Every structure is written in C-alpha cells, then in structure tokens.
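What follows is protein-v8.txt (compact mmCIF, C-alpha atoms and all ligand atoms).
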```txt
# COMPACT_ATOMS: atom_id res chain seq x y z
CA MET E 1 60.24 -1.17 -38.09
CA PRO E 2 59.12 2.00 -36.31
CA THR E 3 60.49 5.39 -37.28
CA PRO E 4 63.34 6.14 -34.87
CA ASP E 5 62.03 8.65 -32.36
CA ILE E 6 64.40 11.61 -31.94
CA HIS E 7 63.42 11.81 -28.34
CA ALA E 8 64.24 8.14 -27.69
CA ILE E 9 67.63 8.73 -29.31
CA GLU E 10 68.39 11.60 -26.91
CA LEU E 11 67.41 9.48 -23.95
CA ALA E 12 69.58 6.68 -25.31
CA GLU E 13 72.61 8.96 -25.56
CA THR E 14 72.24 9.83 -21.88
CA ALA E 15 71.83 6.15 -21.01
CA ALA E 16 74.98 5.28 -22.98
CA ALA E 17 76.94 8.07 -21.27
CA ALA E 18 75.80 6.82 -17.85
CA PHE E 19 76.78 3.27 -18.82
CA ARG E 20 80.32 4.43 -19.75
CA ASP E 21 80.65 6.51 -16.55
CA VAL E 22 79.50 3.79 -14.19
CA PHE E 23 80.89 0.66 -15.85
CA GLY E 24 83.85 2.09 -17.76
CA ALA E 25 82.86 0.22 -20.93
CA GLU E 26 80.65 0.54 -24.01
CA PRO E 27 77.12 -0.89 -24.04
CA GLU E 28 76.45 -3.55 -26.69
CA GLY E 29 73.19 -1.84 -27.61
CA LEU E 30 70.38 0.48 -26.56
CA TRP E 31 66.73 -0.50 -26.41
CA ALA E 32 63.72 1.77 -25.80
CA ALA E 33 60.19 0.98 -24.60
CA PRO E 34 57.40 3.53 -24.10
CA GLY E 35 54.80 4.28 -21.45
CA ARG E 36 51.17 4.27 -22.54
CA VAL E 37 47.77 5.87 -22.31
CA ASN E 38 44.80 3.54 -22.38
CA LEU E 39 42.19 5.33 -24.48
CA ILE E 40 39.37 3.13 -23.21
CA GLY E 41 38.86 -0.43 -21.91
CA GLU E 42 39.84 -0.18 -18.25
CA HIS E 43 40.14 -3.12 -15.84
CA THR E 44 38.91 -5.32 -18.69
CA ASP E 45 42.27 -7.01 -19.36
CA TYR E 46 42.12 -9.47 -16.46
CA ASN E 47 38.51 -10.23 -17.42
CA GLU E 48 39.75 -11.34 -20.87
CA GLY E 49 38.07 -8.31 -22.42
CA PHE E 50 39.03 -5.49 -24.79
CA VAL E 51 41.60 -2.72 -24.34
CA MET E 52 42.68 0.22 -26.51
CA PRO E 53 46.05 1.70 -25.58
CA PHE E 54 48.45 3.88 -27.51
CA ALA E 55 52.15 4.37 -26.77
CA LEU E 56 53.33 7.74 -25.45
CA PRO E 57 56.56 9.40 -26.63
CA PHE E 58 58.03 8.84 -23.17
CA TYR E 59 60.53 6.02 -22.98
CA SER E 60 62.62 3.88 -20.74
CA VAL E 61 65.96 3.21 -22.45
CA ALA E 62 68.22 0.34 -21.41
CA ALA E 63 71.94 0.41 -22.28
CA VAL E 64 73.07 -3.20 -21.87
CA ALA E 65 76.17 -5.41 -22.18
CA LYS E 66 77.06 -8.91 -20.99
CA SER E 67 79.01 -9.11 -17.72
CA ASP E 68 80.27 -11.52 -15.01
CA THR E 69 77.76 -10.37 -12.47
CA TRP E 70 74.42 -8.53 -12.39
CA GLU E 71 74.92 -4.76 -12.30
CA PHE E 72 72.03 -2.33 -12.49
CA HIS E 73 72.31 1.44 -12.69
CA SER E 74 69.55 4.02 -12.97
CA THR E 75 70.07 7.66 -13.95
CA TYR E 76 67.02 8.73 -11.98
CA GLY E 77 66.22 8.38 -8.28
CA GLY E 78 69.65 9.64 -7.27
CA GLY E 79 71.75 7.64 -9.74
CA ASP E 80 71.68 4.43 -7.76
CA THR E 81 73.77 1.32 -8.67
CA VAL E 82 72.93 -2.21 -7.48
CA ARG E 83 75.32 -5.19 -7.86
CA THR E 84 74.28 -8.75 -7.13
CA ASP E 85 75.37 -12.35 -7.82
CA THR E 86 71.82 -13.64 -7.59
CA LEU E 87 68.53 -12.67 -9.18
CA GLU E 88 66.62 -13.68 -6.07
CA GLY E 89 65.04 -11.04 -3.87
CA VAL E 90 66.26 -7.83 -5.54
CA GLU E 91 64.07 -4.99 -4.29
CA GLY E 92 63.04 -1.49 -5.39
CA TRP E 93 63.57 -0.23 -8.95
CA ALA E 94 66.32 -2.82 -9.62
CA GLY E 95 63.79 -5.56 -8.83
CA TYR E 96 62.03 -4.84 -12.13
CA LEU E 97 65.30 -5.50 -14.00
CA ALA E 98 66.30 -8.57 -12.03
CA GLY E 99 62.70 -9.80 -12.22
CA VAL E 100 62.65 -9.69 -16.01
CA ALA E 101 65.86 -11.75 -16.20
CA TRP E 102 64.43 -14.15 -13.60
CA ALA E 103 61.17 -14.52 -15.56
CA MET E 104 63.08 -15.20 -18.78
CA ASN E 105 65.05 -17.97 -17.11
CA GLU E 106 61.87 -19.39 -15.58
CA SER E 107 60.13 -19.30 -18.96
CA GLY E 108 62.83 -21.34 -20.71
CA TYR E 109 64.79 -18.48 -22.28
CA PRO E 110 68.11 -18.56 -20.41
CA VAL E 111 70.03 -15.35 -19.89
CA ASP E 112 73.41 -14.74 -18.23
CA PRO E 113 74.50 -11.74 -16.14
CA VAL E 114 74.46 -8.31 -17.77
CA ARG E 115 75.16 -4.72 -16.88
CA ILE E 116 72.25 -2.38 -17.45
CA ALA E 117 72.08 1.41 -17.27
CA ILE E 118 68.51 2.75 -17.37
CA ASN E 119 67.36 6.20 -18.35
CA SER E 120 63.65 7.02 -18.43
CA ASP E 121 61.35 9.99 -18.73
CA VAL E 122 58.08 8.12 -18.27
CA PRO E 123 56.58 9.98 -15.29
CA HIS E 124 57.03 7.73 -12.28
CA GLY E 125 53.79 7.02 -10.41
CA GLY E 126 51.75 8.87 -13.04
CA GLY E 127 49.76 5.78 -14.02
CA LEU E 128 51.38 5.87 -17.48
CA SER E 129 53.13 2.49 -17.13
CA SER E 130 56.61 3.58 -16.11
CA SER E 131 57.35 0.12 -14.70
CA ALA E 132 56.12 -1.71 -17.81
CA ALA E 133 58.31 0.59 -19.93
CA LEU E 134 61.31 -0.25 -17.75
CA GLU E 135 60.63 -3.99 -17.95
CA CYS E 136 59.93 -3.96 -21.68
CA SER E 137 63.14 -2.06 -22.51
CA VAL E 138 65.06 -4.72 -20.59
CA ILE E 139 63.25 -7.74 -22.03
CA ILE E 140 63.78 -6.75 -25.67
CA ALA E 141 67.44 -6.11 -24.83
CA LEU E 142 67.90 -9.52 -23.18
CA ALA E 143 66.05 -11.34 -25.97
CA ASP E 144 68.31 -9.67 -28.56
CA LEU E 145 71.58 -10.13 -26.66
CA PHE E 146 70.99 -13.80 -25.90
CA GLY E 147 69.62 -14.64 -29.35
CA HIS E 148 66.09 -15.60 -28.31
CA GLU E 149 63.55 -15.01 -31.06
CA ILE E 150 60.42 -14.55 -29.02
CA ASP E 151 57.06 -13.36 -30.26
CA ARG E 152 56.10 -10.05 -28.65
CA THR E 153 52.91 -11.50 -27.15
CA GLU E 154 55.08 -14.09 -25.39
CA LEU E 155 57.38 -11.28 -24.21
CA ALA E 156 54.32 -9.53 -22.78
CA ARG E 157 53.42 -12.70 -20.86
CA ILE E 158 56.94 -12.94 -19.45
CA VAL E 159 56.80 -9.31 -18.31
CA GLN E 160 53.43 -10.00 -16.69
CA LYS E 161 55.05 -12.95 -14.88
CA THR E 162 57.70 -10.53 -13.60
CA GLU E 163 55.00 -8.21 -12.21
CA ASN E 164 52.83 -10.97 -10.77
CA GLU E 165 55.39 -13.40 -9.39
CA TYR E 166 58.53 -11.34 -8.78
CA MET E 167 57.18 -7.90 -7.89
CA GLY E 168 53.98 -9.24 -6.30
CA ALA E 169 51.66 -6.90 -8.25
CA PRO E 170 48.57 -8.74 -9.56
CA THR E 171 48.35 -6.78 -12.82
CA GLY E 172 46.83 -7.87 -16.12
CA ILE E 173 48.44 -7.83 -19.57
CA LEU E 174 47.50 -4.32 -20.78
CA ASP E 175 50.58 -2.27 -19.98
CA GLN E 176 53.23 -4.66 -21.28
CA SER E 177 51.22 -5.32 -24.45
CA ALA E 178 50.89 -1.59 -25.05
CA SER E 179 54.61 -0.97 -24.64
CA LEU E 180 55.60 -3.93 -26.84
CA LEU E 181 52.90 -3.95 -29.51
CA CYS E 182 51.64 -0.40 -30.12
CA THR E 183 52.62 1.31 -33.36
CA GLU E 184 53.17 4.94 -34.24
CA GLY E 185 50.08 6.96 -35.18
CA ASN E 186 47.69 4.23 -34.09
CA VAL E 187 45.67 3.17 -31.12
CA MET E 188 45.76 -0.61 -30.64
CA PHE E 189 42.47 -2.46 -30.24
CA MET E 190 43.34 -5.74 -28.52
CA ASP E 191 41.33 -8.71 -27.32
CA CYS E 192 43.04 -9.86 -24.12
CA ARG E 193 41.62 -13.36 -24.56
CA ASP E 194 43.83 -14.27 -27.47
CA PHE E 195 46.00 -11.19 -28.21
CA SER E 196 44.19 -10.65 -31.52
CA ARG E 197 44.58 -7.00 -32.34
CA GLU E 198 44.16 -4.25 -34.85
CA GLN E 199 46.04 -0.99 -35.21
CA VAL E 200 43.40 1.70 -35.65
CA PRO E 201 44.57 5.04 -37.12
CA PHE E 202 44.29 7.77 -34.51
CA ASP E 203 44.60 11.04 -36.38
CA LEU E 204 43.77 13.73 -33.85
CA ALA E 205 45.25 16.56 -35.91
CA ALA E 206 43.03 15.82 -38.92
CA GLY E 207 40.02 16.51 -36.73
CA GLY E 208 41.57 19.65 -35.21
CA LEU E 209 41.80 17.84 -31.90
CA VAL E 210 44.36 17.16 -29.20
CA MET E 211 44.46 14.59 -26.43
CA LEU E 212 45.56 16.10 -23.14
CA VAL E 213 47.12 13.91 -20.49
CA ILE E 214 46.55 15.28 -17.00
CA ASP E 215 48.99 13.79 -14.51
CA THR E 216 47.30 14.57 -11.22
CA GLN E 217 50.58 14.17 -9.30
CA ALA E 218 48.68 11.98 -6.87
CA PRO E 219 50.77 8.80 -6.87
CA HIS E 220 48.97 5.70 -7.98
CA ARG E 221 49.71 2.36 -6.38
CA HIS E 222 49.10 -1.24 -7.39
CA VAL E 223 50.62 -3.29 -4.70
CA ASP E 224 48.11 -2.05 -2.13
CA GLY E 225 44.96 -4.11 -1.76
CA GLU E 226 42.44 -2.23 -3.91
CA TYR E 227 43.54 -3.47 -7.34
CA GLY E 228 43.63 -7.06 -6.08
CA ALA E 229 40.25 -6.57 -4.42
CA ARG E 230 38.70 -5.56 -7.77
CA ARG E 231 40.17 -8.64 -9.41
CA ALA E 232 38.80 -10.81 -6.61
CA ASP E 233 35.34 -9.23 -7.05
CA CYS E 234 35.41 -10.02 -10.76
CA GLU E 235 36.49 -13.60 -10.16
CA GLU E 236 33.74 -14.09 -7.59
CA ALA E 237 31.13 -12.55 -9.88
CA ALA E 238 32.21 -14.86 -12.73
CA ARG E 239 32.13 -17.85 -10.36
CA GLN E 240 28.58 -17.03 -9.24
CA LEU E 241 27.47 -16.72 -12.86
CA GLY E 242 29.22 -19.95 -13.83
CA VAL E 243 31.30 -18.30 -16.58
CA PRO E 244 35.12 -18.45 -16.91
CA PHE E 245 35.54 -14.66 -17.01
CA LEU E 246 33.22 -11.66 -16.77
CA ARG E 247 33.75 -11.09 -20.47
CA ASP E 248 31.54 -14.15 -20.93
CA ALA E 249 28.67 -12.93 -18.73
CA PRO E 250 25.34 -12.46 -20.51
CA ARG E 251 24.47 -8.79 -21.17
CA HIS E 252 21.53 -8.74 -18.74
CA ALA E 253 23.02 -10.95 -16.04
CA LYS E 254 22.12 -9.96 -12.48
CA LEU E 255 23.80 -10.85 -9.22
CA ASP E 256 22.23 -10.65 -5.77
CA ASP E 257 25.29 -8.95 -4.31
CA GLU E 258 24.94 -5.26 -5.10
CA ARG E 259 28.70 -4.54 -5.17
CA LEU E 260 29.53 -7.50 -7.41
CA ASN E 261 26.68 -6.49 -9.67
CA ARG E 262 28.19 -3.03 -10.13
CA ARG E 263 31.64 -4.49 -10.83
CA MET E 264 30.13 -6.77 -13.46
CA HIS E 265 28.13 -3.91 -14.96
CA HIS E 266 31.31 -1.90 -15.43
CA ILE E 267 33.11 -4.73 -17.21
CA LEU E 268 30.21 -5.55 -19.52
CA THR E 269 29.49 -1.93 -20.46
CA GLU E 270 33.20 -1.07 -20.78
CA ASN E 271 33.71 -3.87 -23.30
CA GLU E 272 30.75 -2.50 -25.27
CA ARG E 273 32.22 1.01 -25.12
CA VAL E 274 35.50 -0.25 -26.55
CA LEU E 275 33.71 -1.87 -29.49
CA ALA E 276 31.71 1.31 -30.07
CA THR E 277 34.92 3.39 -29.93
CA VAL E 278 36.58 1.18 -32.55
CA ALA E 279 33.58 1.52 -34.85
CA ILE E 280 33.51 5.33 -34.54
CA LEU E 281 37.27 5.70 -35.04
CA LYS E 282 37.09 3.56 -38.15
CA GLN E 283 34.66 6.11 -39.58
CA GLY E 284 37.40 8.70 -39.04
CA ASN E 285 35.26 10.50 -36.47
CA VAL E 286 37.65 11.01 -33.55
CA ALA E 287 35.46 13.72 -31.98
CA GLY E 288 32.62 11.18 -31.88
CA ILE E 289 34.25 9.11 -29.13
CA GLY E 290 34.03 11.89 -26.51
CA ASP E 291 30.82 10.71 -24.84
CA LEU E 292 32.15 7.14 -24.64
CA LEU E 293 35.27 8.35 -22.81
CA THR E 294 33.17 10.26 -20.30
CA ALA E 295 30.77 7.33 -19.83
CA SER E 296 33.79 5.13 -19.11
CA HIS E 297 34.90 7.52 -16.38
CA VAL E 298 31.46 7.58 -14.78
CA SER E 299 31.39 3.78 -14.76
CA LEU E 300 34.89 3.54 -13.25
CA ARG E 301 33.95 6.13 -10.63
CA ASP E 302 30.54 4.81 -9.61
CA ASP E 303 30.41 1.11 -10.48
CA TYR E 304 34.06 0.11 -10.22
CA GLU E 305 35.08 2.68 -7.58
CA VAL E 306 38.67 3.16 -8.71
CA SER E 307 38.67 6.91 -9.31
CA SER E 308 39.93 9.50 -6.83
CA VAL E 309 39.15 13.06 -5.83
CA GLU E 310 42.07 14.28 -7.99
CA LEU E 311 40.95 12.34 -11.07
CA ASP E 312 37.31 13.41 -10.67
CA SER E 313 38.39 17.03 -10.28
CA ALA E 314 40.46 16.85 -13.48
CA VAL E 315 37.68 15.16 -15.48
CA ASP E 316 34.92 17.49 -14.24
CA ALA E 317 37.01 20.62 -14.82
CA ALA E 318 38.03 19.49 -18.32
CA LEU E 319 34.41 18.77 -19.28
CA GLY E 320 33.28 22.06 -17.72
CA ALA E 321 35.80 23.92 -19.88
CA GLY E 322 34.54 22.31 -23.07
CA ALA E 323 36.41 18.99 -23.43
CA LEU E 324 34.57 16.61 -25.78
CA GLY E 325 35.21 13.75 -23.38
CA ALA E 326 37.42 12.93 -20.42
CA ARG E 327 38.26 9.99 -18.19
CA MET E 328 40.79 8.53 -15.85
CA THR E 329 43.27 6.22 -17.59
CA GLY E 330 45.10 3.19 -16.19
CA GLY E 331 44.48 1.48 -12.90
CA GLY E 332 43.14 4.54 -11.05
CA PHE E 333 43.45 5.50 -7.37
CA GLY E 334 45.48 8.52 -8.54
CA GLY E 335 47.66 8.73 -11.63
CA SER E 336 46.47 10.38 -14.83
CA ALA E 337 43.32 11.42 -16.67
CA ILE E 338 42.90 12.17 -20.38
CA ALA E 339 40.76 14.80 -22.08
CA LEU E 340 39.83 14.97 -25.77
CA VAL E 341 39.64 18.63 -26.73
CA GLU E 342 39.48 20.88 -29.76
CA ALA E 343 43.01 22.20 -30.26
CA ALA E 344 41.92 25.81 -29.79
CA ALA E 345 40.33 24.97 -26.43
CA ALA E 346 43.39 23.19 -25.00
CA PRO E 347 44.81 26.21 -23.06
CA LYS E 348 41.40 26.90 -21.51
CA VAL E 349 40.96 23.26 -20.47
CA GLU E 350 44.48 23.13 -19.01
CA ALA E 351 43.87 26.32 -17.01
CA ALA E 352 40.53 25.02 -15.73
CA VAL E 353 42.03 21.72 -14.58
CA ILE E 354 44.84 23.48 -12.71
CA GLU E 355 42.50 26.02 -11.13
CA ALA E 356 40.06 23.33 -9.99
CA ALA E 357 42.88 21.44 -8.27
CA ALA E 358 44.13 24.61 -6.57
CA ASP E 359 40.61 25.45 -5.34
CA LYS E 360 40.37 22.04 -3.71
CA GLY E 361 43.87 22.16 -2.22
CA LEU E 362 45.02 19.27 -4.46
CA PRO E 363 48.49 18.92 -6.02
CA VAL E 364 48.97 21.00 -9.18
CA PRO E 365 48.45 18.65 -12.14
CA ARG E 366 50.96 18.47 -14.97
CA VAL E 367 49.22 18.70 -18.35
CA PHE E 368 50.73 17.73 -21.69
CA VAL E 369 49.62 16.91 -25.23
CA ALA E 370 49.88 13.22 -26.13
CA ARG E 371 50.59 11.63 -29.47
CA ALA E 372 50.58 7.99 -30.48
CA ALA E 373 54.26 7.01 -30.57
CA ALA E 374 56.23 3.90 -31.55
CA GLY E 375 56.28 0.76 -29.42
CA ALA E 376 59.42 -0.87 -28.01
CA HIS E 377 62.40 -0.93 -30.38
CA ARG E 378 66.17 -1.10 -30.56
CA VAL E 379 67.57 2.42 -30.81
CA LEU E 380 71.25 1.74 -31.59
C1 LIG X 1 46.91 -1.29 -14.42
C2 LIG X 1 47.24 -2.74 -14.68
F1 LIG X 1 48.60 -2.93 -14.65
C3 LIG X 1 46.68 -3.20 -16.02
O1 LIG X 1 46.91 -4.58 -16.17
C4 LIG X 1 45.19 -2.88 -16.13
O2 LIG X 1 44.42 -3.75 -15.37
C5 LIG X 1 44.93 -1.42 -15.75
O3 LIG X 1 45.51 -1.10 -14.49
C6 LIG X 1 43.46 -1.10 -15.71
O4 LIG X 1 42.91 -1.18 -16.98
O5 LIG X 1 47.56 -0.44 -15.32
```
Before anything else, please render the file you have as structure tokens.
Ligand code: GAF
Amino acid sequence: MPTPDIHAIELAETAAAAFRDVFGAEPEGLWAAPGRVNLIGEHTDYNEGFVMPFALPFYSVAAVAKSDTWEFHSTYGGGDTVRTDTLEGVEGWAGYLAGVAWAMNESGYPVDPVRIAINSDVPHGGGLSSSAALECSVIIALADLFGHEIDRTELARIVQKTENEYMGAPTGILDQSASLLCTEGNVMFMDCRDFSREQVPFDLAAGGLVMLVIDTQAPHRHVDGEYGARRADCEEAARQLGVPFLRDAPRHAKLDDERLNRRMHHILTENERVLATVAILKQGNVAGIGDLLTASHVSLRDDYEVSSVELDSAVDAALGAGALGARMTGGGFGGSAIALVEAAAAPKVEAAVIEAAADKGLPVPRVFVARAAAGAHRVL
C-alpha cells in the first residue's frame, strides 16, 4: 500500500467537488494514477525489451459512481461534460474514459455505466504519459467498483488495448505499466517480454543529486505516422533476421538496409544500457549512470531518429552547463527531456536550458525537479 500522497489528496478533493457540482451527488470513491518518466530503455517495450520508468508526483484523479448512463466530466480543457448511451465512437479526451470501459467489457470484465469526474495535473502533451495516467485512474476505479480482482499486469494490457484498438495509437506497454506498477522511491526495471520486474531504489538525495524534467513545451504526438513507422521498421528488421522480436537479435547482427540497421542498433544497445544502468544503481552509484543516459539520447537522435530540435537543445544545454547525463524521455518528437545534475548545479542547468531555447527561438521550457512517487492507488 503506497503512502498517500498529499498532492494526490488535494487533486482528489477538487475532483470530488467537481463531481458534486456537475452531477449533484457524491462519488463512491476517488482513484489516482501518476504520469511517468522513463529513466532509460526507450522504444524497447514493443521489441519485448527492457524499460526503467519511475512514477512522477503528477496524477490523474477519477471521482466515480455508478449511474444509468455514461457521463464524463473533466475539470481541465474548459470543464467539458460528455453524456452518452453507448461506448462506441466517443472522441477526444472522453474517448480515453469510454475506451477503458469498452476494453474491460471486451476483455471479459463487464462494467455498467458510471459517472466520472477527472482532475489531472500531468502536463498534457509533455510526453509524461498524461493519457496513460487518465486511463489508469479510470481502470482501477472500474475494477474496484465492479468487484473485478485483476492483476495489475492484466490491467496494463487492457489499457494498452484501449490505446491500440479504441484510440488508434500503436503504443507499447511502458506507460500503463509505469502508472500501475511503479512504487515510491524506486525506479522499476521491467522486462516487457513477461512483465518480470524489480523495484530498484533510486535515492537521488543521498548522492546530492536531482533529476530535472525539462518539458520543452513542444507537443508530442503518437497518432501521427512516425511512431508507427518505427514499430514497422523494427518488425521488418526482426523479420529479415528471422527472430520474433529485435530483443532476440544477435549482438553483432547486420542488415543490408542501412536505416533498419540503425533502428536495430538502437534497440540492441539500449537494452544493454538498461542492464548496465540497473547494475550501477544497485551499487548505489546514481551519478554513475550519467554517461548511459547521454548515450541513450545520442542513439535515439542518430540511430532511431525520434528526437527533435527542442529536445536536442535541452540535452546539449544541460550537458554544457554541467549535467552528469541527459536524454529525451518517452516517445520523442517533442515532449520532455531529463537531466541528472548535482543539486547545487540545478539552477545553472535550468537557466542554460531556458537561454538555449530562447536563443533558437524555441518555446520556453518548463523545468521541474522529479521524484519517484507512488503508482496508481485509491485515494479515498
Ligand atoms: C511512448 C509509448 F506509448 C510507449 O509505449 C513507448 O514505446 C515509448 O513511447 C517509447 O519508449 O510513450
């Protein structure tokens, strides 16, 4: 049972107040699910490789009660309310809510209509899994309310089904797993082949360090073709090598196609970097992972080609100002970067990142200090 997060409780109070205002009734409960940072192990999830996320203390909170019809309210985006008799074809933010209920029904866990009021402070479009947080807060609520005892790895699969089949986004399993399975104070090392995982202590303060998250304010998108194109490249590379997934490719495999070869090289080296990161963290040497983070960024930028001018600017400026390591995090094409820095150097790194963006005429990034927070839980 995670320690109740004060912040999640405040968000929950606002969600409950919105629920009362809009529906004129009390919610039956409040459930919170966090956004995430992926420390390392990027684009490896759909190659059945290794990932290493931690939960951020930013949450989506769902206030929920049973109802006669589907009613969805969100406190953000103008305080919109959507009412529907059917779960089919709900679009926009409410689609994530309807989609989770749809995926539960499809997966053999029947749910009836509910009212949901959502409140969230996971930055939208920041590449920090705001949609997974939304979906995960709703799925733990529905599982509780309708008495389904479902393993959290199965919940993650149902949320992935929502993304893939209802929302049409071909994502892997990283974000949902992070939101549902991460634990406070730890970074989660997970094998996406079989969900085997280990919570690795992530004590930044003991090493005099902080992890900065740099939200570039350049929206990141999944539904456009680039994410799917990377997946297709990986599948084709695996097919040409005769292996089920790139995770299974031999270390020195070579493909004739230069682009596919680079994609494969990223996946193979990224999996190795995750294993090296786990080993270093287990020695209690958080500062020692800096070079691995930076090498991951270089690989994502050059071999996998999912970085962006905003992310590269943030990473280069952070490193130039003394960060021990920095990289983009999440799917890329905008979104957020992370930088591992000595606590005393954090203001200098933040200033350098902001100045570099201004010099290039890019949006002003929002920089904050991350900590490893609790995964999805019932608040009240
Ligand atoms: C996005 C996807 F949703 C994840 O499944 C994962 O592939 C990630 O990009 C890249 O590591 O967040």
Practice problem: Neighbourhood query: residues within 7 Å of (42.6, -6.0, -34.4), file coordinates, counting all atoms listed in the file; return as number ranges by chain. | Solution: E: 189-190, 196-199
Quiz item: Which residues form the shell of 8 Å around ligand LIG 1 (chain X) when you count all atoms listed in the file, given as a ChimeraX atom specification?
Solution: /E:38,41-46,51,127-129,170-175,222,227,329-332
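The smallest atom-to-atom distance between Ala205 in chain E and any of E:Pro110, E:Gly284, E:Gly147, E:Gly24, using all atoms listed in the file, is found for E:Gly284.
Considering the residues E:Gly288, E:Gly125, E:Gly92, E:Pro365 and counting all atoms listed in the file, Gly35 in chain E has its shortest atom-to-atom contact with E:Gly125.
Distances from E:Thr216, E:Asn164, E:Asn271, E:Ser296 to Val367 in chain E were compared using all atoms listed in the file, and the smallest one belongs to E:Thr216.
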Quiz prompt | Nearest to Gly77 in chain E, chosen from E:Glu154, E:Asp121, E:Asp112, E:Asp256, with all atoms listed in the file counted in the distances | solution = E:Asp121
Quiz prompt | Selection near Pro34 in chain E, 7 Å with all atoms listed in the file, sequence-local residues under 4 positions removed, as JSON, numbers by chain | solution = {"E": [55, 56, 57, 58, 59, 60, 133, 179, 375, 376]}
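Considering the residues E:Asp257, E:Asp21, E:Glu226, E:Asp316 and counting all atoms listed in the file, Leu241 in chain E has its shortest atom-to-atom contact with E:Asp257.
Closest to Leu319 in chain E among E:Ala17, E:Val61, E:Leu340, E:Met104 is E:Leu340, based on only C-alpha atoms.
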Atoms added to range 243-258 of chain E (N, CA and C atoms), reported as a compact mmCIF listing (two decimals), in the coordinates of the input:
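Final output, out_29.txt:
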```
# COMPACT_ATOMS: atom_id res chain seq x y z
N VAL E 243 30.57 -18.57 -15.33
CA VAL E 243 31.30 -18.30 -16.58
C VAL E 243 32.79 -18.19 -16.25
N PRO E 244 33.68 -18.49 -17.23
CA PRO E 244 35.12 -18.45 -16.91
C PRO E 244 35.61 -17.05 -16.56
N PHE E 245 35.13 -16.05 -17.27
CA PHE E 245 35.54 -14.66 -17.01
C PHE E 245 34.32 -13.76 -17.22
N LEU E 246 34.37 -12.54 -16.63
CA LEU E 246 33.22 -11.66 -16.77
C LEU E 246 32.95 -11.27 -18.22
N ARG E 247 33.95 -11.34 -19.04
CA ARG E 247 33.75 -11.09 -20.47
C ARG E 247 32.67 -12.00 -21.05
N ASP E 248 32.49 -13.17 -20.42
CA ASP E 248 31.54 -14.15 -20.93
C ASP E 248 30.15 -14.00 -20.33
N ALA E 249 29.97 -13.06 -19.40
CA ALA E 249 28.67 -12.93 -18.73
C ALA E 249 27.62 -12.44 -19.73
N PRO E 250 26.39 -12.96 -19.62
CA PRO E 250 25.34 -12.46 -20.51
C PRO E 250 25.04 -10.98 -20.23
N ARG E 251 24.66 -10.25 -21.26
CA ARG E 251 24.47 -8.79 -21.17
C ARG E 251 23.55 -8.40 -20.02
N HIS E 252 22.49 -9.16 -19.77
CA HIS E 252 21.53 -8.74 -18.74
C HIS E 252 21.64 -9.58 -17.47
N ALA E 253 22.82 -10.15 -17.25
CA ALA E 253 23.02 -10.95 -16.04
C ALA E 253 22.78 -10.08 -14.81
N LYS E 254 22.34 -10.71 -13.72
CA LYS E 254 22.12 -9.96 -12.48
C LYS E 254 22.62 -10.80 -11.32
N LEU E 255 23.30 -10.15 -10.40
CA LEU E 255 23.80 -10.85 -9.22
C LEU E 255 23.10 -10.28 -7.99
N ASP E 256 22.90 -11.12 -6.98
CA ASP E 256 22.23 -10.65 -5.77
C ASP E 256 23.08 -9.62 -5.03
N ASP E 257 24.40 -9.85 -5.03
CA ASP E 257 25.29 -8.95 -4.31
C ASP E 257 25.42 -7.63 -5.08
N GLU E 258 25.02 -6.56 -4.41
CA GLU E 258 24.94 -5.26 -5.10
C GLU E 258 26.32 -4.80 -5.59
```
